[in-house]
Structures are given as structure tokens and as C-alpha cells.
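Undergrad: Have a look at the structure that comes next, please.
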Amino acid sequence: MGKEKNFEAPEIPDEEMTVTLDLDDGTSVTCAIVTILTIDKKDYIVLMPLTEEGKNEDGEVWFYRYFEDESDPDKEPSLEYIEDDEEYEAVADAFDEYLDNAEFDELIDGEE
């Protein structure tokens, strides 16, 4: 399993996009796609594991490197574990910034 980080769970809209991951232990888990971040010209996906009821109660998110096949847009994207601690922390920091901006946008939208 990749490294995990806990955040205050962002609101996921009802029409959320999901992906099903096959884990090393043979189980599968459905995850909501929170966002895709680009850091140093590399893409990373932020996934929120969901219960069978479609909920995430602990705010846990998973980060993976994200690759799309540019020559075949219909091909499933690939995910890769982030092994390097510095790279992982850079993604976690970028996600913190994403959450801060999302919260700020919600405050601005709520004032209208």
C-alpha cells in the first residue's frame, strides 16, 4: 500500500468520479478522485478511499504518480506508488495548498 495522509475530508460532489484500485492483498477499494496535481512537470492523483456506502469518515487520502498514455487517450491511466519521502512530502504540501485554495474559494463563493 502507498503512503497515507489524513486531512479534513474535502466535500465530494454527488457526481464524483471514482476509480477502483486492486490492492496487493487481493482486495479492491473504490476511491473518489479528489484532484490531479502537477508538480515539477509530473502528475499526481489524490484519491479518497470510500466505504461500501460511498463515504470517507476519517479524511484519509492516498497519493500516487499518475500517467496517461498520450498516444492512446482511451487507454486506462497508470498509477505508481511514491517511494521517495521528499517527493511524497512535496505532493502532500501541494495538496495542503489545494485544500487551502478550495476553502478560500468556498468562502468567497459563500459571500455573494
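Order determines the names: the first chain of the C-alpha cells is A, the second B, and so forth; residues in each chain are numbered 1 upward, and ligands are numbered 1 upward as they are shown.
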If you count only C-alpha atoms, which residues fall within 10 Å of segment 73-79 of chain A, apart from same-chain ones fewer than 5 positions away, as JSON, numbers by chain?
TA: {"A": [21, 43, 44, 45, 63, 64, 65, 66, 67, 68]}
Undergrad: With only C-alpha atoms as the atoms that count, which of A:Val46, A:Glu52, A:Gly59, A:Asn101 lies nearest to Ile82 of chain A?
TA: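 Looking at the shortest contact to Ile82 of chain A, the residue is A:Val46.
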Undergrad: Report as a ChimeraX atom specification: the residues of segment 18-60 of chain A with a DSSP assignment of strand (DSSP E), based on the backbone of this structure.
TA: /A:18-22,28-39,42-49,60
Undergrad: Keeping only N, CA, C and O atoms, write the selected residues as an mmCIF file, in the first residue's frame.
TA:
data_model
loop_
_atom_site.group_PDB
_atom_site.id
_atom_site.type_symbol
_atom_site.label_atom_id
_atom_site.label_comp_id
_atom_site.auth_asym_id
_atom_site.auth_seq_id
_atom_site.Cartn_x
_atom_site.Cartn_y
_atom_site.Cartn_z
ATOM 1 N N THR A 18 -14.971 8.203 -9.726
ATOM 2 C CA THR A 18 -14.333 7.207 -8.871
ATOM 3 C C THR A 18 -13.453 6.293 -9.711
ATOM 4 O O THR A 18 -13.575 6.220 -10.937
ATOM 5 N N VAL A 19 -12.582 5.593 -9.016
ATOM 6 C CA VAL A 19 -11.715 4.598 -9.618
ATOM 7 C C VAL A 19 -11.638 3.434 -8.630
ATOM 8 O O VAL A 19 -11.721 3.644 -7.419
ATOM 9 N N THR A 20 -11.525 2.217 -9.138
ATOM 10 C CA THR A 20 -11.381 1.053 -8.274
ATOM 11 C C THR A 20 -9.935 0.576 -8.345
ATOM 12 O O THR A 20 -9.407 0.324 -9.426
ATOM 13 N N LEU A 21 -9.300 0.489 -7.176
ATOM 14 C CA LEU A 21 -7.914 0.018 -7.086
ATOM 15 C C LEU A 21 -7.891 -1.418 -6.606
ATOM 16 O O LEU A 21 -8.609 -1.776 -5.679
ATOM 17 N N ASP A 22 -7.049 -2.221 -7.235
ATOM 18 C CA ASP A 22 -6.798 -3.581 -6.778
ATOM 19 C C ASP A 22 -5.568 -3.526 -5.883
ATOM 20 O O ASP A 22 -4.478 -3.168 -6.330
ATOM 21 N N SER A 28 -10.163 -5.079 -3.368
ATOM 22 C CA SER A 28 -10.355 -3.887 -4.183
ATOM 23 C C SER A 28 -10.992 -2.812 -3.322
ATOM 24 O O SER A 28 -11.739 -3.110 -2.396
ATOM 25 N N VAL A 29 -10.690 -1.569 -3.640
ATOM 26 C CA VAL A 29 -11.304 -0.451 -2.932
ATOM 27 C C VAL A 29 -11.678 0.621 -3.955
ATOM 28 O O VAL A 29 -10.920 0.905 -4.868
ATOM 29 N N THR A 30 -12.875 1.162 -3.788
ATOM 30 C CA THR A 30 -13.319 2.257 -4.636
ATOM 31 C C THR A 30 -12.861 3.556 -3.996
ATOM 32 O O THR A 30 -13.008 3.754 -2.792
ATOM 33 N N CYS A 31 -12.312 4.440 -4.822
ATOM 34 C CA CYS A 31 -11.811 5.723 -4.343
ATOM 35 C C CYS A 31 -12.415 6.851 -5.164
ATOM 36 O O CYS A 31 -12.568 6.722 -6.380
ATOM 37 N N ALA A 32 -12.743 7.936 -4.492
ATOM 38 C CA ALA A 32 -13.149 9.152 -5.180
ATOM 39 C C ALA A 32 -11.886 9.853 -5.658
ATOM 40 O O ALA A 32 -10.880 9.892 -4.949
ATOM 41 N N ILE A 33 -11.936 10.396 -6.870
ATOM 42 C CA ILE A 33 -10.826 11.188 -7.374
ATOM 43 C C ILE A 33 -11.020 12.609 -6.854
ATOM 44 O O ILE A 33 -11.992 13.277 -7.197
ATOM 45 N N VAL A 34 -10.108 13.048 -5.991
ATOM 46 C CA VAL A 34 -10.217 14.372 -5.393
ATOM 47 C C VAL A 34 -9.679 15.418 -6.357
ATOM 48 O O VAL A 34 -10.334 16.410 -6.661
ATOM 49 N N THR A 35 -8.466 15.192 -6.862
ATOM 50 C CA THR A 35 -7.858 16.128 -7.805
ATOM 51 C C THR A 35 -6.631 15.478 -8.424
ATOM 52 O O THR A 35 -6.161 14.438 -7.967
ATOM 53 N N ILE A 36 -6.135 16.114 -9.463
ATOM 54 C CA ILE A 36 -4.845 15.752 -10.051
ATOM 55 C C ILE A 36 -3.969 16.986 -9.925
ATOM 56 O O ILE A 36 -4.372 18.089 -10.302
ATOM 57 N N LEU A 37 -2.784 16.814 -9.342
ATOM 58 C CA LEU A 37 -1.843 17.899 -9.123
ATOM 59 C C LEU A 37 -0.647 17.729 -10.045
ATOM 60 O O LEU A 37 -0.219 16.601 -10.291
ATOM 61 N N THR A 38 -0.108 18.823 -10.542
ATOM 62 C CA THR A 38 1.117 18.776 -11.330
ATOM 63 C C THR A 38 2.214 19.466 -10.547
ATOM 64 O O THR A 38 2.065 20.625 -10.146
ATOM 65 N N ILE A 39 3.297 18.723 -10.305
ATOM 66 C CA ILE A 39 4.432 19.228 -9.541
ATOM 67 C C ILE A 39 5.692 18.881 -10.324
ATOM 68 O O ILE A 39 5.915 17.711 -10.644
ATOM 69 N N LYS A 42 5.377 16.657 -13.293
ATOM 70 C CA LYS A 42 4.875 15.298 -13.074
ATOM 71 C C LYS A 42 3.458 15.410 -12.532
ATOM 72 O O LYS A 42 3.150 16.315 -11.762
ATOM 73 N N ASP A 43 2.592 14.485 -12.932
ATOM 74 C CA ASP A 43 1.217 14.475 -12.453
ATOM 75 C C ASP A 43 1.055 13.491 -11.306
ATOM 76 O O ASP A 43 1.638 12.399 -11.307
ATOM 77 N N TYR A 44 0.249 13.905 -10.331
ATOM 78 C CA TYR A 44 -0.065 13.073 -9.178
ATOM 79 C C TYR A 44 -1.567 13.104 -8.981
ATOM 80 O O TYR A 44 -2.210 14.134 -9.158
ATOM 81 N N ILE A 45 -2.140 11.974 -8.605
ATOM 82 C CA ILE A 45 -3.571 11.904 -8.359
ATOM 83 C C ILE A 45 -3.801 11.740 -6.858
ATOM 84 O O ILE A 45 -3.018 11.065 -6.177
ATOM 85 N N VAL A 46 -4.841 12.406 -6.371
ATOM 86 C CA VAL A 46 -5.220 12.316 -4.966
ATOM 87 C C VAL A 46 -6.522 11.529 -4.914
ATOM 88 O O VAL A 46 -7.523 11.925 -5.514
ATOM 89 N N LEU A 47 -6.484 10.390 -4.225
ATOM 90 C CA LEU A 47 -7.646 9.505 -4.127
ATOM 91 C C LEU A 47 -8.114 9.426 -2.683
ATOM 92 O O LEU A 47 -7.307 9.393 -1.755
ATOM 93 N N MET A 48 -9.424 9.373 -2.525
ATOM 94 C CA MET A 48 -10.019 9.234 -1.199
ATOM 95 C C MET A 48 -10.734 7.889 -1.146
ATOM 96 O O MET A 48 -11.730 7.685 -1.837
ATOM 97 N N PRO A 49 -10.216 6.931 -0.357
ATOM 98 C CA PRO A 49 -10.876 5.622 -0.271
ATOM 99 C C PRO A 49 -12.268 5.764 0.341
ATOM 100 O O PRO A 49 -12.469 6.528 1.277
ATOM 101 N N GLU A 60 -8.798 10.212 5.257
ATOM 102 C CA GLU A 60 -7.600 9.627 4.677
ATOM 103 C C GLU A 60 -7.613 9.809 3.155
ATOM 104 O O GLU A 60 -8.637 9.646 2.514
#
Undergrad: Suppose you want the space between atom CA of Phe95 of chain A and atom CA of Asp40 of chain A; what is it in Å?
TA: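 Answer for the atom CA of Phe95 of chain A to atom CA of Asp40 of chain A separation: 14.1 Å.
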Undergrad: What is the atom CA of Ala92 of chain A to atom CA of Trp62 of chain A distance in Å?
TA: 9.7 Å
Undergrad: Between atom CA of Asp96 of chain A and atom CA of Val61 of chain A, what is the distance, to one decimal in Å?
TA: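 One can read the atom CA of Asp96 of chain A to atom CA of Val61 of chain A distance as 11.6 Å.
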